[in-house]
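Here is coords-v6.cif, consisting of mmCIF, C-alpha atoms:
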data_model
#
loop_
_atom_site.label_atom_id
_atom_site.label_comp_id
_atom_site.auth_asym_id
_atom_site.auth_seq_id
_atom_site.Cartn_x
_atom_site.Cartn_y
_atom_site.Cartn_z
CA MET A 133 0.00 0.00 0.00
CA GLU A 134 1.27 3.49 -0.81
CA ILE A 135 1.12 6.04 2.00
CA VAL A 136 1.74 9.79 2.03
CA LEU A 137 3.48 10.63 5.31
CA LEU A 138 1.99 13.50 7.33
CA GLU A 139 4.89 13.47 9.82
CA ASP A 140 8.45 12.19 9.90
CA VAL A 141 8.54 8.47 10.72
CA LYS A 142 11.84 7.02 11.90
CA ALA A 143 13.31 4.45 9.49
CA LEU A 144 10.51 5.08 6.98
CA GLY A 145 10.62 8.63 5.58
CA LYS A 146 10.09 12.35 5.94
CA LYS A 147 6.89 14.39 5.97
CA GLY A 148 5.27 14.65 2.53
CA GLN A 149 7.11 11.65 1.13
CA ILE A 150 5.20 8.82 -0.62
CA VAL A 151 6.33 5.42 0.69
CA LYS A 152 5.29 1.84 -0.02
CA VAL A 153 4.52 -0.19 3.12
CA SER A 154 2.78 -3.47 3.85
CA ASP A 155 -0.99 -3.36 4.28
CA GLY A 156 -0.84 -4.50 7.92
CA TYR A 157 1.74 -1.87 8.87
CA ALA A 158 -0.37 0.84 7.26
CA ARG A 159 -3.68 -0.34 8.80
CA ASN A 160 -2.34 -1.05 12.28
CA PHE A 161 0.28 1.64 12.79
CA ILE A 162 0.48 4.46 10.24
CA LEU A 163 -3.20 5.22 9.71
CA PRO A 164 -4.48 4.91 13.35
CA LYS A 165 -1.70 7.17 14.65
CA LYS A 166 -2.41 9.72 11.89
CA LEU A 167 1.19 9.53 10.68
CA GLY A 168 0.05 9.21 7.08
CA VAL A 169 -2.86 8.84 4.68
CA GLU A 170 -3.45 6.50 1.77
CA ALA A 171 -2.01 7.85 -1.49
CA THR A 172 -5.27 8.28 -3.41
CA PRO A 173 -5.64 11.00 -6.07
CA LYS A 174 -8.00 12.96 -3.79
CA ASN A 175 -5.58 12.86 -0.84
CA LEU A 176 -2.65 13.84 -3.07
CA ASN A 177 -4.61 16.81 -4.41
CA ASP A 178 -5.62 17.89 -0.88
CA LEU A 179 -2.00 17.74 0.25
CA LYS A 180 -0.89 19.88 -2.71
CA LEU A 181 -3.48 22.52 -1.79
CA GLN A 182 -2.39 22.38 1.86
CA LYS A 183 1.27 22.86 0.88
CA ALA A 184 0.34 25.83 -1.32
CA ASN A 185 -1.54 27.43 1.60
CA GLU A 186 1.40 26.82 3.95
CA ALA A 187 3.76 28.47 1.47
CA LYS A 188 1.44 31.47 1.18
CA VAL A 189 1.24 31.85 4.98
CA ALA A 190 5.03 31.54 5.29
CA ALA A 191 5.51 34.30 2.69
CA GLU A 192 3.06 36.56 4.55
CA GLN A 193 4.88 35.95 7.85
CA LEU A 194 8.22 36.78 6.22
CA GLN A 195 6.82 40.01 4.77
CA ALA A 196 5.35 41.02 8.15
CA ALA A 197 8.69 40.33 9.84
CA LYS A 198 10.51 42.51 7.29
CA GLU A 199 8.06 45.37 7.85
CA LEU A 200 8.43 45.10 11.63
CA ALA A 201 12.23 45.04 11.33
CA GLU A 202 12.09 48.24 9.27
CA LYS A 203 9.87 49.94 11.88
CA LEU A 204 12.21 48.89 14.69
CA GLY A 205 15.27 50.08 12.75
CA GLN A 206 13.80 53.56 12.36
CA SER A 207 12.82 53.97 16.00
CA SER A 208 14.43 53.92 19.41
CA ILE A 209 13.23 53.43 22.96
CA THR A 210 14.37 54.91 26.25
CA VAL A 211 14.76 52.85 29.40
CA SER A 212 15.78 54.36 32.73
CA ILE A 213 17.63 52.68 35.59
CA ARG A 214 18.84 54.00 38.92
CA ALA A 215 22.36 55.29 39.27
CA GLY A 216 24.62 54.51 42.17
CA GLU A 217 27.61 56.42 43.50
CA GLY A 218 29.76 58.15 40.91
CA GLY A 219 27.18 57.85 38.12
CA ARG A 220 27.50 54.06 37.80
CA ALA A 221 24.47 52.00 36.87
CA PHE A 222 22.71 50.39 39.80
CA GLY A 223 21.17 47.27 38.29
CA SER A 224 20.64 46.38 34.64
CA VAL A 225 18.10 46.36 31.83
CA SER A 226 16.84 42.90 30.85
CA GLY A 227 14.99 41.68 27.79
CA LYS A 228 11.71 41.70 29.69
CA GLU A 229 12.07 45.42 30.43
CA ILE A 230 13.02 46.20 26.83
CA ALA A 231 9.98 44.26 25.52
CA ALA A 232 7.72 46.18 27.92
CA ALA A 233 9.25 49.49 26.78
CA ILE A 234 8.69 48.58 23.12
CA GLN A 235 5.03 47.84 23.92
CA SER A 236 4.48 51.08 25.86
CA GLN A 237 6.56 53.50 23.75
CA LEU A 238 6.14 52.15 20.22
CA GLY A 239 2.89 50.16 20.57
CA LEU A 240 4.49 47.12 18.92
CA GLU A 241 4.20 43.58 20.24
CA VAL A 242 7.65 41.95 20.45
CA ASP A 243 8.30 38.81 22.50
CA LYS A 244 11.18 39.10 24.96
CA LYS A 245 12.58 35.80 23.65
CA LYS A 246 13.16 37.42 20.25
CA LEU A 247 15.59 39.95 21.73
CA VAL A 248 19.17 38.75 21.30
CA LEU A 249 20.85 39.92 24.50
CA PRO A 250 23.89 37.90 25.54
CA GLU A 251 23.72 39.67 28.90
CA PRO A 252 21.62 42.49 30.40
CA LEU A 253 22.58 46.10 29.60
CA LYS A 254 24.55 47.53 32.54
CA THR A 255 25.89 50.82 31.17
CA PHE A 256 24.30 54.12 30.25
CA GLY A 257 24.14 55.24 26.63
CA VAL A 258 22.74 53.95 23.36
CA HIS A 259 22.93 50.21 22.67
CA GLU A 260 22.06 48.37 19.44
CA VAL A 261 19.91 45.34 20.33
CA PRO A 262 19.33 42.73 17.60
CA VAL A 263 15.77 41.40 17.38
CA LYS A 264 15.35 37.97 15.71
CA LEU A 265 11.88 38.33 14.15
CA HIS A 266 12.07 35.44 11.66
CA LYS A 267 14.68 32.84 10.80
CA GLU A 268 15.70 35.05 7.84
CA VAL A 269 15.02 38.51 9.34
CA THR A 270 16.90 40.21 12.17
CA GLY A 271 16.10 43.82 12.99
CA LYS A 272 18.11 46.28 15.07
CA LEU A 273 16.63 48.42 17.79
CA ALA A 274 18.34 51.40 19.44
CA VAL A 275 17.88 51.24 23.20
CA LYS A 276 18.85 54.38 25.10
CA VAL A 277 19.64 53.65 28.76
CA VAL A 278 19.36 56.77 30.91
CA GLU A 279 19.71 57.60 34.57
CA SER A 280 16.48 57.91 36.52
#
Just dump the structure as structure tokens.
Amino acid sequence: MEIVLLEDVKALGKKGQIVKVSDGYARNFILPKKLGVEATPKNLNDLKLQKANEAKVAAEQLQAAKELAEKLGQSSITVSIRAGEGGRAFGSVSGKEIAAAIQSQLGLEVDKKKLVLPEPLKTFGVHEVPVKLHKEVTGKLAVKVVES
């Protein structure tokens, strides 16, 4: 029996691949666990339409990420932290605080996990913070850390 795999199956094939398996293996394992469907013309046509829709959605997400990266590149946010003796920073600015500042100052929704901060910002001044919006798109945001 020919099966179109809906998910990767170890030692059998990858998602979307058409494989030939025994009838018992297909009836008792592949089909009940929804790992694949029988390779009929109707199922093949449905899968082609589904792949086309997925490609369209992926292109829209990429375009939205590029637009957001452009908006972030043209803007900057200001975050204030307390200063200790001698004008040194008392504390630091984390990704969570930067994400909250983006939401309040720019009105844009950016997840704190998308901010690429190797360590929190501990000095005053302007810092360039990379924002990984998509696997192909990374924007830069200017974060100005000031004394409160």
Care to translate the PyMOL selection byres ((chain A and resi 231) around 9) into actual residues of this file, as a short mmCIF file (atom, residue, chain, number, x, y, z; two decimals) with C-alpha atoms, in the coordinates of the input?
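Contents of result_6.cif, as written:
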data_model
loop_
_atom_site.label_atom_id
_atom_site.label_comp_id
_atom_site.auth_asym_id
_atom_site.auth_seq_id
_atom_site.Cartn_x
_atom_site.Cartn_y
_atom_site.Cartn_z
CA SER A 226 16.84 42.90 30.85
CA GLY A 227 14.99 41.68 27.79
CA LYS A 228 11.71 41.70 29.69
CA GLU A 229 12.07 45.42 30.43
CA ILE A 230 13.02 46.20 26.83
CA ALA A 232 7.72 46.18 27.92
CA ALA A 233 9.25 49.49 26.78
CA ILE A 234 8.69 48.58 23.12
CA GLN A 235 5.03 47.84 23.92
CA SER A 236 4.48 51.08 25.86
CA GLU A 241 4.20 43.58 20.24
CA VAL A 242 7.65 41.95 20.45
CA ASP A 243 8.30 38.81 22.50
CA LYS A 244 11.18 39.10 24.96
CA LEU A 247 15.59 39.95 21.73
#
Original post:
Which residues come within 12 Å of Ala190 (chain A), counting all atoms listed in the file, excluding same-chain residues fewer than 6 positions away, as a list in words?
Top reply: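 What passes the distance filter is Lys183, Ala184, Ala196, Ala197, His266, Lys267 and Glu268 of chain A.
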**OP:** For Glu199 (chain A), list every protein, DNA or RNA residue within 12 Å, evaluated using all atoms listed in the file, and leave out those in the same chain fewer than 2 positions away; present the list as a ChimeraX atom specification.
**Re:** /A:192-197,201-206,240,265-266,269-271
Original post:
What is the distance between CA of Leu253 (chain A) and CA of Val225 (chain A), in Å to one decimal?
Top reply: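 CA of Val225 (chain A) lies 5.0 Å from CA of Leu253 (chain A).
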Subject >> Chain and number of each residue from the PyMOL selection byres ((chain A and resi 224) around 8), as a PyMOL selection string >> reply: chain A and resi 213+221-223+225-226+252-255
Original post:
At a cut-off of 10 Å from (14.6, 55.3, 31.1) in the coordinates of the file, what residues are picked up using all atoms listed in the file, written as a list in words?
Top reply: Ile209, Thr210, Val211, Ser212, Ile213, Arg214, Val225, Ala233, Phe256, Val275, Lys276, Val277, Val278, Glu279 and Ser280 of chain A
File dump, residues just selected, C-alpha atoms, as an mmCIF file, keeping the file's coordinate frame:
data_model
loop_
_atom_site.group_PDB
_atom_site.id
_atom_site.type_symbol
_atom_site.label_atom_id
_atom_site.label_comp_id
_atom_site.auth_asym_id
_atom_site.auth_seq_id
_atom_site.Cartn_x
_atom_site.Cartn_y
_atom_site.Cartn_z
ATOM 1 C CA ILE A 209 13.230 53.430 22.960
ATOM 2 C CA THR A 210 14.370 54.910 26.250
ATOM 3 C CA VAL A 211 14.760 52.850 29.400
ATOM 4 C CA SER A 212 15.780 54.360 32.730
ATOM 5 C CA ILE A 213 17.630 52.680 35.590
ATOM 6 C CA ARG A 214 18.840 54.000 38.920
ATOM 7 C CA VAL A 225 18.100 46.360 31.830
ATOM 8 C CA ALA A 233 9.250 49.490 26.780
ATOM 9 C CA PHE A 256 24.300 54.120 30.250
ATOM 10 C CA VAL A 275 17.880 51.240 23.200
ATOM 11 C CA LYS A 276 18.850 54.380 25.100
ATOM 12 C CA VAL A 277 19.640 53.650 28.760
ATOM 13 C CA VAL A 278 19.360 56.770 30.910
ATOM 14 C CA GLU A 279 19.710 57.600 34.570
ATOM 15 C CA SER A 280 16.480 57.910 36.520
#
Original post:
Do you know which residues the PyMOL selection byres ((chain A and resi 153-170) around 10) returns on this file, as a ChimeraX atom specification?
Top reply: /A:133-141,144,147-152,171-176,179
**OP:** State, in Å with one decimal place, the distance from CA of Lys146 (chain A) to CA of Ala191 (chain A).
**Re:**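 Going from CA of Lys146 (chain A) over to CA of Ala191 (chain A) covers 22.7 Å.
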**OP:** Determine the nearest neighbour of Leu238 (chain A) from the options A:Ser207, A:Asn177, A:Ala143, A:Leu200, counting only C-alpha atoms.
**Re:**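 Among the listed residues, A:Ser207 lies closest to Leu238 (chain A).
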Subject >> Counting only C-alpha atoms, the residue of A:Ser208, A:Gly145, A:Val263, A:Gly216 that sits nearest Leu249 (chain A) >> reply: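 Nearest to Leu249 (chain A): A:Val263.
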As a PDB file, in the coordinates of the input, could you write out region 188-206 of chain A once it has been completed with N, CA and C atoms?
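Wrote it out as out.pdb, contents follow:
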ATOM      1  N   LYS A 188       2.000  30.121   1.204  1.00  0.00           N
ATOM      2  CA  LYS A 188       1.440  31.470   1.180  1.00  0.00           C
ATOM      3  C   LYS A 188       1.519  32.108   2.566  1.00  0.00           C
ATOM      4  N   VAL A 189       1.178  31.353   3.602  1.00  0.00           N
ATOM      5  CA  VAL A 189       1.240  31.850   4.980  1.00  0.00           C
ATOM      6  C   VAL A 189       2.682  32.169   5.366  1.00  0.00           C
ATOM      7  N   ALA A 190       3.615  31.311   4.970  1.00  0.00           N
ATOM      8  CA  ALA A 190       5.030  31.540   5.290  1.00  0.00           C
ATOM      9  C   ALA A 190       5.526  32.821   4.619  1.00  0.00           C
ATOM     10  N   ALA A 191       5.110  33.071   3.383  1.00  0.00           N
ATOM     11  CA  ALA A 191       5.510  34.300   2.690  1.00  0.00           C
ATOM     12  C   ALA A 191       4.929  35.529   3.374  1.00  0.00           C
ATOM     13  N   GLU A 192       3.677  35.435   3.837  1.00  0.00           N
ATOM     14  CA  GLU A 192       3.060  36.560   4.550  1.00  0.00           C
ATOM     15  C   GLU A 192       3.773  36.830   5.867  1.00  0.00           C
ATOM     16  N   GLN A 193       4.160  35.776   6.592  1.00  0.00           N
ATOM     17  CA  GLN A 193       4.880  35.950   7.850  1.00  0.00           C
ATOM     18  C   GLN A 193       6.245  36.590   7.614  1.00  0.00           C
ATOM     19  N   LEU A 194       6.926  36.192   6.551  1.00  0.00           N
ATOM     20  CA  LEU A 194       8.220  36.780   6.220  1.00  0.00           C
ATOM     21  C   LEU A 194       8.074  38.252   5.897  1.00  0.00           C
ATOM     22  N   GLN A 195       7.054  38.612   5.130  1.00  0.00           N
ATOM     23  CA  GLN A 195       6.820  40.010   4.770  1.00  0.00           C
ATOM     24  C   GLN A 195       6.499  40.841   6.014  1.00  0.00           C
ATOM     25  N   ALA A 196       5.684  40.306   6.917  1.00  0.00           N
ATOM     26  CA  ALA A 196       5.350  41.020   8.150  1.00  0.00           C
ATOM     27  C   ALA A 196       6.588  41.211   9.016  1.00  0.00           C
ATOM     28  N   ALA A 197       7.468  40.222   9.064  1.00  0.00           N
ATOM     29  CA  ALA A 197       8.690  40.330   9.840  1.00  0.00           C
ATOM     30  C   ALA A 197       9.607  41.405   9.256  1.00  0.00           C
ATOM     31  N   LYS A 198       9.685  41.483   7.930  1.00  0.00           N
ATOM     32  CA  LYS A 198      10.510  42.510   7.290  1.00  0.00           C
ATOM     33  C   LYS A 198       9.983  43.906   7.591  1.00  0.00           C
ATOM     34  N   GLU A 199       8.662  44.069   7.548  1.00  0.00           N
ATOM     35  CA  GLU A 199       8.060  45.370   7.850  1.00  0.00           C
ATOM     36  C   GLU A 199       8.314  45.767   9.301  1.00  0.00           C
ATOM     37  N   LEU A 200       8.180  44.817  10.218  1.00  0.00           N
ATOM     38  CA  LEU A 200       8.430  45.100  11.630  1.00  0.00           C
ATOM     39  C   LEU A 200       9.889  45.442  11.870  1.00  0.00           C
ATOM     40  N   ALA A 201      10.804  44.751  11.188  1.00  0.00           N
ATOM     41  CA  ALA A 201      12.230  45.040  11.330  1.00  0.00           C
ATOM     42  C   ALA A 201      12.539  46.452  10.848  1.00  0.00           C
ATOM     43  N   GLU A 202      11.872  46.884   9.782  1.00  0.00           N
ATOM     44  CA  GLU A 202      12.090  48.240   9.270  1.00  0.00           C
ATOM     45  C   GLU A 202      11.589  49.278  10.268  1.00  0.00           C
ATOM     46  N   LYS A 203      10.406  49.021  10.875  1.00  0.00           N
ATOM     47  CA  LYS A 203       9.870  49.940  11.880  1.00  0.00           C
ATOM     48  C   LYS A 203      10.799  50.042  13.083  1.00  0.00           C
ATOM     49  N   LEU A 204      11.310  48.886  13.537  1.00  0.00           N
ATOM     50  CA  LEU A 204      12.210  48.890  14.690  1.00  0.00           C
ATOM     51  C   LEU A 204      13.524  49.594  14.367  1.00  0.00           C
ATOM     52  N   GLY A 205      14.016  49.443  13.148  1.00  0.00           N
ATOM     53  CA  GLY A 205      15.270  50.080  12.750  1.00  0.00           C
ATOM     54  C   GLY A 205      15.171  51.590  12.718  1.00  0.00           C
ATOM     55  N   GLN A 206      13.985  52.120  12.452  1.00  0.00           N
ATOM     56  CA  GLN A 206      13.800  53.560  12.360  1.00  0.00           C
ATOM     57  C   GLN A 206      13.451  54.205  13.697  1.00  0.00           C
TER      58      GLN A 206
END
